[in-house]
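Undergrad: Would you mind keeping the following structure in view while I ask a few things?
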Amino acid sequence: MSTTTNQTTWQEATKLAQIGNRSDKQHGAVSTPIYLSATYAHPGLGQSTGFDYSRTANPTRQVVETALAQLENGRFGFATSSGMSAVQLVFELFPAGSKFLASRDLYGGSYRYFDALTQAGRFQFAYFDSIDDLKQQLSQETAAVFLETPTNPLMNEIDISQAAAAAKAYGALLIVDNTFLTPILQKPLALGADIVVHSATKFLGGHNDLLAGAVITDSDELGEKLAAALNTTGAVLSSFDSWLLIRGLKTLKLRMTQQEKNAKKLAAALRKEPLVKEVFYPEKGSMISFKLAKAEQVSVFLASLNLFTFAESLGGVESLITYPSTQTHADIPEELRISYGLTADLLRLSIGIEDAADLIDDIRQALWKTSEGDKNTRIR
Ligand SMILES: *Cc1c(COP(=O)(O)O)cnc(C)c1O
């Protein structure tokens with residue numbers, strides 16, 4: 001856990017590049033030292049250096065937790081072992097029997113977790129499709145609302161301020177998974193959310209070399225409860241991985257700017273392609289989903305790509321393409337997926353920092369090969 005005290009007037013890019021600098025008072029190391037020690041000597045009985053045991057607090061982790069808190073306009077930041085452990089940590093706050101509302105289009109792993117909690121009889125989850133639907137389903141019994149915006153993978157946007165006001169009217173907390181836009185493009189706490197979670201594996205880490213999660217709040221009460229829960233359950237980020245996350249965060253703004261710039265060009269190019277039936281891009285961030293004319297074309301299209309890597313995950317410097325139906329969202333029952341538009345012709349792109357022209361060329365040549373493949377099948 002970390003509490004931020006020294007808010008500076010620096011701009012975001014400056015704060016990011018400076019993460020951890022001056023944290024080593026002893027030697028002046030510019031790159032944050034990696035404290036591998038599990039335990040810390042007590043100067044005397046009842047005395048502490050501020051660090052006793054690394055599950056409770058670790059100097060390297062504290063640097064990244066402070067940075068995460070500042071970045072998301074909160075005062076309490078927690079770095080966890082994965083995005084899913086961040087989500088799990090938040091749900092540790094609620095007593096058995098609590099009722100939740102979650103956005104319908106949701107990361108498959110979060111859906112799987114919510115389903116498991118429901119099956120175990122611990123919590124109840126209901127899902128909403130729009131802000132109006134959310135307002136209709138909210139009741140005095142709702143403990144919290146959990147949402148993603150834009151949603152994964154259909155890019156539906158939900159107004160966080162409206163959702164926060166609606167939740168507050170019923171005394172419910174608002175939890176936002178801000179993985180897709182990051183605090184560079186969207187700060188949910190500033191819009192009224194109570195808790196922000198991240199899969200820091202994605203944009204925050206940014207290099208596809210790290211699993212990490214983050215939880216941030218500005219509430220003293222929630223901050224204390226989260227700290228106690230994390231110390232109790234123990235899914236903290238290791239000191240080495242904390243260092244990797246610090247290194248990734250330093251370039252977050254640069255990366256997001258380039259990735260978004262590339263994504264805008266890619267989305268515009270995709271919209272001109274006759275083989276592309278529909279493009280889902282909210283004109284912000286670097287995640288794009290699109291539908292091919294026919295689901296049968298997916299396999300040839302994927303095999304024809306040379307630059308995009310066919311792999312799960314997102315947010316890294318390398319561009320990836322994902323097939324949600326069999327990868328990220330396979331745990332959502334097929335019938336349910338199709339009912340809200342996650343159909344077998346849908347592909348999801350995570351646009352990296354490569355040159356946009358190369359990315360567009362790769363998509364175009366793969367679409368061309370796919371349409372040629374169609375012609376050949378017809379001739380046969
Ligand atoms: C990947 C992802 C998660 C889960 O994070 P992990 O780091 O893979 O555990 C949660 N939410 C969203 C939106 C994600 O994309």
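Naming works like this for the structure tokens: A, B, ... for the chains as they're shown, residue 1 at the start of each chain, ligands 1 onward in shown order.
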Which neighbours of Asn231 (chain A) fall inside 10 Å, counting only C-alpha atoms, when residues of the same chain fewer than 6 positions from it are skipped, and could you give them as a list in words?
TA: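 Counting only the stated atoms, we get Met1, Tyr53, Ser54, Arg55, Thr56, Ala57 and Lys225 of chain A.
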Undergrad: Which residues of chain A sit at most 6 Å from ligand 1, using only C-alpha atoms and all ligand atoms? Give each one's shortest atom pair and distance in Å (one decimal place), in chain and ascending residue order, as a Markdown table.
TA:
| residue | atom | partner | partner_atom_place_in_ligand_line | distance |
| --- | --- | --- | --- | --- |
| A:Ser82 | CA | ligand 1 | 7 (O) | 4.1 |
| A:Gly83 | CA | ligand 1 | 5 (O) | 3.3 |
| A:Met84 | CA | ligand 1 | 9 (O) | 3.9 |
| A:Tyr107 | CA | ligand 1 | 13 (C) | 5.1 |
| A:Thr179 | CA | ligand 1 | 13 (C) | 5.0 |
| A:Ser199 | CA | ligand 1 | 5 (O) | 4.1 |
| A:Thr201 | CA | ligand 1 | 7 (O) | 4.7 |
| A:Leu211 | CA | ligand 1 | 7 (O) | 5.2 |
| A:Ala212 | CA | ligand 1 | 7 (O) | 5.3 |
| A:Gly213 | CA | ligand 1 | 7 (O) | 5.7 |
Undergrad: Any chance you could export the current selection's N, CA and C atoms as a PDB file, in the first residue's frame?
TA:
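Written output follows (again-v4.pdb):
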ATOM      1  N   SER A  82      -1.453  -9.991 -10.704  1.00  0.00           N
ATOM      2  CA  SER A  82      -2.064 -10.038 -12.045  1.00  0.00           C
ATOM      3  C   SER A  82      -3.307  -9.157 -12.022  1.00  0.00           C
ATOM      4  N   GLY A  83      -3.871  -8.933 -13.197  1.00  0.00           N
ATOM      5  CA  GLY A  83      -5.120  -8.172 -13.258  1.00  0.00           C
ATOM      6  C   GLY A  83      -6.235  -8.902 -12.521  1.00  0.00           C
ATOM      7  N   MET A  84      -6.271 -10.221 -12.667  1.00  0.00           N
ATOM      8  CA  MET A  84      -7.326 -10.982 -11.991  1.00  0.00           C
ATOM      9  C   MET A  84      -7.172 -10.923 -10.468  1.00  0.00           C
ATOM     10  N   TYR A 107     -14.410  -8.448 -19.941  1.00  0.00           N
ATOM     11  CA  TYR A 107     -13.264  -9.345 -20.115  1.00  0.00           C
ATOM     12  C   TYR A 107     -13.684 -10.759 -19.684  1.00  0.00           C
ATOM     13  N   THR A 179      -8.377  -0.752 -17.755  1.00  0.00           N
ATOM     14  CA  THR A 179      -7.275  -1.356 -18.523  1.00  0.00           C
ATOM     15  C   THR A 179      -7.171  -0.796 -19.941  1.00  0.00           C
ATOM     16  N   SER A 199      -5.546  -4.390 -15.374  1.00  0.00           N
ATOM     17  CA  SER A 199      -4.585  -5.419 -15.707  1.00  0.00           C
ATOM     18  C   SER A 199      -3.358  -4.632 -16.163  1.00  0.00           C
ATOM     19  N   THR A 201      -0.683  -5.818 -16.810  1.00  0.00           N
ATOM     20  CA  THR A 201      -0.065  -6.677 -17.826  1.00  0.00           C
ATOM     21  C   THR A 201      -0.148  -6.000 -19.194  1.00  0.00           C
ATOM     22  N   LEU A 211       3.209  -9.963 -15.866  1.00  0.00           N
ATOM     23  CA  LEU A 211       1.828 -10.076 -15.385  1.00  0.00           C
ATOM     24  C   LEU A 211       1.720  -9.202 -14.152  1.00  0.00           C
ATOM     25  N   ALA A 212       0.755  -8.298 -14.136  1.00  0.00           N
ATOM     26  CA  ALA A 212       0.603  -7.430 -12.967  1.00  0.00           C
ATOM     27  C   ALA A 212      -0.797  -6.849 -12.934  1.00  0.00           C
ATOM     28  N   GLY A 213      -1.213  -6.431 -11.745  1.00  0.00           N
ATOM     29  CA  GLY A 213      -2.500  -5.782 -11.592  1.00  0.00           C
ATOM     30  C   GLY A 213      -2.368  -4.564 -10.699  1.00  0.00           C
TER      31      GLY A 213
END
Undergrad: Leaving out Glu296 (chain A) and any residue of its chain fewer than 2 positions from it, which residues lie within 12 Å of it when counting only C-alpha atoms, given as a PyMOL selection string?
TA: chain A and resi 291-294+298-302+343-346+370-371+373-374+377
Undergrad: Which of region 133-271 of chain A end up as strand (DSSP E) when DSSP is run on this backbone - answer as a PyMOL selection string?
TA: chain A and resi 142-148+173-177+195-199+213-217
Undergrad: For Arg364 (chain A), list every protein, DNA or RNA residue within 12 Å, evaluated using only C-alpha atoms, and leave out those in the same chain fewer than 2 positions away; present the list as an NGL selection string.
TA: :A and (266 or 269-276 or 301 or 304-308 or 357-362 or 366-371)
Undergrad: For region 130-147 of chain A, work out the shell of residues within 9 Å, counting only C-alpha atoms and skipping chain neighbours fewer than 3 positions away, then give it as a PyMOL selection string.
TA: chain A and resi 94+98-106+126-127+151+156-160+162-164+166-167+169-178
Undergrad: Would you put the residues from that selection into a file with N, CA and C atoms, as an mmCIF file, in the first residue's frame?
TA:
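Written output follows (selection.cif):
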data_model
loop_
_atom_site.group_PDB
_atom_site.id
_atom_site.type_symbol
_atom_site.label_atom_id
_atom_site.label_comp_id
_atom_site.auth_asym_id
_atom_site.auth_seq_id
_atom_site.Cartn_x
_atom_site.Cartn_y
_atom_site.Cartn_z
ATOM 1 N N PHE A 94 -16.302 -7.279 0.166
ATOM 2 C CA PHE A 94 -17.747 -7.406 0.357
ATOM 3 C C PHE A 94 -18.144 -8.655 1.130
ATOM 4 N N SER A 98 -23.530 -10.501 -1.053
ATOM 5 C CA SER A 98 -23.634 -9.190 -1.716
ATOM 6 C C SER A 98 -24.090 -9.345 -3.163
ATOM 7 N N LYS A 99 -24.799 -8.301 -3.638
ATOM 8 C CA LYS A 99 -25.306 -8.311 -5.014
ATOM 9 C C LYS A 99 -24.595 -7.250 -5.846
ATOM 10 N N PHE A 100 -24.239 -7.637 -7.078
ATOM 11 C CA PHE A 100 -23.483 -6.736 -7.946
ATOM 12 C C PHE A 100 -24.130 -6.616 -9.318
ATOM 13 N N LEU A 101 -23.868 -5.465 -9.949
ATOM 14 C CA LEU A 101 -24.248 -5.276 -11.350
ATOM 15 C C LEU A 101 -22.963 -5.068 -12.136
ATOM 16 N N ALA A 102 -22.814 -5.779 -13.253
ATOM 17 C CA ALA A 102 -21.602 -5.651 -14.069
ATOM 18 C C ALA A 102 -21.971 -5.416 -15.526
ATOM 19 N N SER A 103 -21.086 -4.713 -16.247
ATOM 20 C CA SER A 103 -21.364 -4.469 -17.668
ATOM 21 C C SER A 103 -21.398 -5.808 -18.400
ATOM 22 N N ARG A 104 -22.323 -5.936 -19.320
ATOM 23 C CA ARG A 104 -22.566 -7.202 -20.020
ATOM 24 C C ARG A 104 -21.336 -7.647 -20.815
ATOM 25 N N ASP A 105 -20.819 -6.747 -21.620
ATOM 26 C CA ASP A 105 -19.635 -7.043 -22.424
ATOM 27 C C ASP A 105 -18.440 -6.815 -21.489
ATOM 28 N N LEU A 106 -17.715 -7.898 -21.221
ATOM 29 C CA LEU A 106 -16.758 -7.872 -20.114
ATOM 30 C C LEU A 106 -15.581 -8.768 -20.479
ATOM 31 N N ALA A 126 -25.675 -9.599 -11.701
ATOM 32 C CA ALA A 126 -26.580 -9.387 -12.828
ATOM 33 C C ALA A 126 -25.848 -8.456 -13.785
ATOM 34 N N TYR A 127 -26.226 -8.483 -15.058
ATOM 35 C CA TYR A 127 -25.479 -7.740 -16.068
ATOM 36 C C TYR A 127 -26.337 -6.685 -16.744
ATOM 37 N N THR A 151 -15.937 -1.259 -23.591
ATOM 38 C CA THR A 151 -15.982 -2.658 -23.199
ATOM 39 C C THR A 151 -15.125 -3.524 -24.113
ATOM 40 N N ASN A 156 -18.227 -0.814 -26.443
ATOM 41 C CA ASN A 156 -19.355 0.014 -26.005
ATOM 42 C C ASN A 156 -18.857 0.975 -24.939
ATOM 43 N N GLU A 157 -19.303 2.220 -25.025
ATOM 44 C CA GLU A 157 -18.875 3.200 -24.034
ATOM 45 C C GLU A 157 -19.994 3.456 -23.027
ATOM 46 N N ILE A 158 -19.606 3.593 -21.774
ATOM 47 C CA ILE A 158 -20.555 3.928 -20.716
ATOM 48 C C ILE A 158 -20.040 5.192 -20.038
ATOM 49 N N ASP A 159 -20.936 6.141 -19.799
ATOM 50 C CA ASP A 159 -20.544 7.397 -19.163
ATOM 51 C C ASP A 159 -20.270 7.143 -17.675
ATOM 52 N N ILE A 160 -19.003 7.272 -17.283
ATOM 53 C CA ILE A 160 -18.617 6.960 -15.894
ATOM 54 C C ILE A 160 -19.293 7.918 -14.901
ATOM 55 N N GLN A 162 -22.161 9.430 -15.136
ATOM 56 C CA GLN A 162 -23.571 9.042 -14.973
ATOM 57 C C GLN A 162 -23.707 7.765 -14.143
ATOM 58 N N ALA A 163 -22.821 6.803 -14.433
ATOM 59 C CA ALA A 163 -22.865 5.532 -13.691
ATOM 60 C C ALA A 163 -22.556 5.783 -12.220
ATOM 61 N N ALA A 164 -21.603 6.682 -11.948
ATOM 62 C CA ALA A 164 -21.211 6.987 -10.560
ATOM 63 C C ALA A 164 -22.378 7.631 -9.817
ATOM 64 N N ALA A 166 -25.568 7.406 -10.544
ATOM 65 C CA ALA A 166 -26.646 6.425 -10.382
ATOM 66 C C ALA A 166 -26.329 5.467 -9.234
ATOM 67 N N ALA A 167 -25.068 4.984 -9.190
ATOM 68 C CA ALA A 167 -24.674 4.047 -8.126
ATOM 69 C C ALA A 167 -24.780 4.729 -6.761
ATOM 70 N N ALA A 169 -26.645 7.115 -5.762
ATOM 71 C CA ALA A 169 -28.036 7.321 -5.335
ATOM 72 C C ALA A 169 -28.579 6.109 -4.571
ATOM 73 N N TYR A 170 -27.980 4.944 -4.820
ATOM 74 C CA TYR A 170 -28.416 3.725 -4.110
ATOM 75 C C TYR A 170 -27.377 3.255 -3.100
ATOM 76 N N GLY A 171 -26.403 4.091 -2.828
ATOM 77 C CA GLY A 171 -25.381 3.725 -1.846
ATOM 78 C C GLY A 171 -24.457 2.614 -2.325
ATOM 79 N N ALA A 172 -24.391 2.421 -3.651
ATOM 80 C CA ALA A 172 -23.516 1.373 -4.207
ATOM 81 C C ALA A 172 -22.177 1.981 -4.628
ATOM 82 N N LEU A 173 -21.118 1.179 -4.539
ATOM 83 C CA LEU A 173 -19.809 1.634 -4.990
ATOM 84 C C LEU A 173 -19.694 1.453 -6.504
ATOM 85 N N LEU A 174 -18.863 2.285 -7.130
ATOM 86 C CA LEU A 174 -18.572 2.091 -8.553
ATOM 87 C C LEU A 174 -17.112 1.667 -8.714
ATOM 88 N N ILE A 175 -16.934 0.506 -9.346
ATOM 89 C CA ILE A 175 -15.608 -0.042 -9.618
ATOM 90 C C ILE A 175 -15.411 -0.018 -11.129
ATOM 91 N N VAL A 176 -14.323 0.584 -11.594
ATOM 92 C CA VAL A 176 -14.076 0.661 -13.037
ATOM 93 C C VAL A 176 -12.789 -0.066 -13.392
ATOM 94 N N ASP A 177 -12.872 -0.976 -14.355
ATOM 95 C CA ASP A 177 -11.686 -1.611 -14.924
ATOM 96 C C ASP A 177 -11.194 -0.680 -16.032
ATOM 97 N N ASN A 178 -10.084 0.012 -15.766
ATOM 98 C CA ASN A 178 -9.590 1.055 -16.681
ATOM 99 C C ASN A 178 -8.444 0.559 -17.560
#
Undergrad: Report as JSON lines the residues of region 52-158 of chain A within 12 Å of region 189-198 of chain A, each with its shortest atom pair and distance in Å (one decimal), using only C-alpha atoms, ordered by chain and increasing residue number.
TA:
{"residue": "A:Leu68", "atom": "CA", "partner": "A:His198", "partner_atom": "CA", "distance": 10.0}
{"residue": "A:Ala69", "atom": "CA", "partner": "A:Val196", "partner_atom": "CA", "distance": 9.8}
{"residue": "A:Gln70", "atom": "CA", "partner": "A:Leu189", "partner_atom": "CA", "distance": 11.1}
{"residue": "A:Leu71", "atom": "CA", "partner": "A:Leu189", "partner_atom": "CA", "distance": 10.5}
{"residue": "A:Glu72", "atom": "CA", "partner": "A:Leu189", "partner_atom": "CA", "distance": 6.9}
{"residue": "A:Asn73", "atom": "CA", "partner": "A:Leu189", "partner_atom": "CA", "distance": 6.4}
{"residue": "A:Gly74", "atom": "CA", "partner": "A:Leu189", "partner_atom": "CA", "distance": 7.0}
{"residue": "A:Arg75", "atom": "CA", "partner": "A:Leu189", "partner_atom": "CA", "distance": 10.5}
{"residue": "A:Phe76", "atom": "CA", "partner": "A:Ile195", "partner_atom": "CA", "distance": 9.9}
{"residue": "A:Gly77", "atom": "CA", "partner": "A:Val196", "partner_atom": "CA", "distance": 9.5}
{"residue": "A:Phe78", "atom": "CA", "partner": "A:Val197", "partner_atom": "CA", "distance": 9.5}
{"residue": "A:Ala79", "atom": "CA", "partner": "A:His198", "partner_atom": "CA", "distance": 9.5}
{"residue": "A:Thr80", "atom": "CA", "partner": "A:His198", "partner_atom": "CA", "distance": 9.6}
{"residue": "A:Ser81", "atom": "CA", "partner": "A:His198", "partner_atom": "CA", "distance": 11.3}
{"residue": "A:Ser82", "atom": "CA", "partner": "A:His198", "partner_atom": "CA", "distance": 8.8}
{"residue": "A:Gly83", "atom": "CA", "partner": "A:His198", "partner_atom": "CA", "distance": 5.8}
{"residue": "A:Met84", "atom": "CA", "partner": "A:His198", "partner_atom": "CA", "distance": 8.8}
{"residue": "A:Ser85", "atom": "CA", "partner": "A:Val197", "partner_atom": "CA", "distance": 9.9}
{"residue": "A:Ala86", "atom": "CA", "partner": "A:Val197", "partner_atom": "CA", "distance": 6.3}
{"residue": "A:Val87", "atom": "CA", "partner": "A:Val197", "partner_atom": "CA", "distance": 6.6}
{"residue": "A:Gln88", "atom": "CA", "partner": "A:Val197", "partner_atom": "CA", "distance": 10.0}
{"residue": "A:Leu89", "atom": "CA", "partner": "A:Val197", "partner_atom": "CA", "distance": 9.6}
{"residue": "A:Val90", "atom": "CA", "partner": "A:Ile195", "partner_atom": "CA", "distance": 8.2}
{"residue": "A:Phe91", "atom": "CA", "partner": "A:Ile195", "partner_atom": "CA", "distance": 11.1}
{"residue": "A:Leu93", "atom": "CA", "partner": "A:Ile195", "partner_atom": "CA", "distance": 11.3}
{"residue": "A:Tyr107", "atom": "CA", "partner": "A:His198", "partner_atom": "CA", "distance": 11.6}
{"residue": "A:Ser110", "atom": "CA", "partner": "A:Val197", "partner_atom": "CA", "distance": 11.6}
{"residue": "A:Ala144", "atom": "CA", "partner": "A:Asp194", "partner_atom": "CA", "distance": 9.6}
{"residue": "A:Val145", "atom": "CA", "partner": "A:Ala193", "partner_atom": "CA", "distance": 9.6}
{"residue": "A:Phe146", "atom": "CA", "partner": "A:Ile195", "partner_atom": "CA", "distance": 9.5}
{"residue": "A:Leu147", "atom": "CA", "partner": "A:Val196", "partner_atom": "CA", "distance": 9.9}
{"residue": "A:Glu148", "atom": "CA", "partner": "A:Val197", "partner_atom": "CA", "distance": 9.8}
{"residue": "A:Thr149", "atom": "CA", "partner": "A:Val196", "partner_atom": "CA", "distance": 11.8}
{"residue": "A:Ile158", "atom": "CA", "partner": "A:Leu191", "partner_atom": "CA", "distance": 12.0}
Undergrad: Fewer than 5 positions away in the same chain doesn't count, so skip those; otherwise give me all residues within 10 Å of Ser325 (chain A), counting only C-alpha atoms, as a ChimeraX atom specification.
TA: /A:108,330-334,337-338,342-347
Undergrad: Taking C-alpha atoms for each residue, export the selection above as a PDB file, in the first residue's frame.
TA:
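So again_12.pdb came out as:
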ATOM      1  CA  GLY A 108     -13.841 -13.121 -20.253  1.00  0.00           C
ATOM      2  CA  ALA A 330     -14.175 -18.557 -24.641  1.00  0.00           C
ATOM      3  CA  ASP A 331     -15.512 -18.907 -21.091  1.00  0.00           C
ATOM      4  CA  ILE A 332     -18.666 -16.960 -21.879  1.00  0.00           C
ATOM      5  CA  PRO A 333     -21.326 -19.402 -23.147  1.00  0.00           C
ATOM      6  CA  GLU A 334     -21.556 -19.230 -26.970  1.00  0.00           C
ATOM      7  CA  ARG A 337     -21.836 -14.199 -26.519  1.00  0.00           C
ATOM      8  CA  ILE A 338     -23.701 -14.222 -29.819  1.00  0.00           C
ATOM      9  CA  LEU A 342     -19.661 -11.219 -29.855  1.00  0.00           C
ATOM     10  CA  THR A 343     -20.007 -13.355 -32.959  1.00  0.00           C
ATOM     11  CA  ALA A 344     -17.630 -15.797 -34.691  1.00  0.00           C
ATOM     12  CA  ASP A 345     -16.657 -13.210 -37.356  1.00  0.00           C
ATOM     13  CA  LEU A 346     -15.242 -10.781 -34.756  1.00  0.00           C
ATOM     14  CA  LEU A 347     -11.502 -10.102 -34.443  1.00  0.00           C
TER      15      LEU A 347
END
Undergrad: Determine, counting only C-alpha atoms, which protein, DNA and RNA residues have an atom within 10 Å of an atom of region 244-257 of chain A; residues of the same chain fewer than 4 positions away are not included. Present the result as number ranges by chain.
TA: A: 12-20, 31-32, 34, 60-61, 63-65, 67-68, 71, 79, 181-185, 200-201, 203-207, 209-213, 237-240, 261-263, 284-286, 315-317, 351-353
Undergrad: To one decimal place in Å, what is the distance between CA of Leu230 (chain A) and CA of Gln119 (chain A)?
TA: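 Answer for the CA of Leu230 (chain A) to CA of Gln119 (chain A) separation: 23.9 Å.
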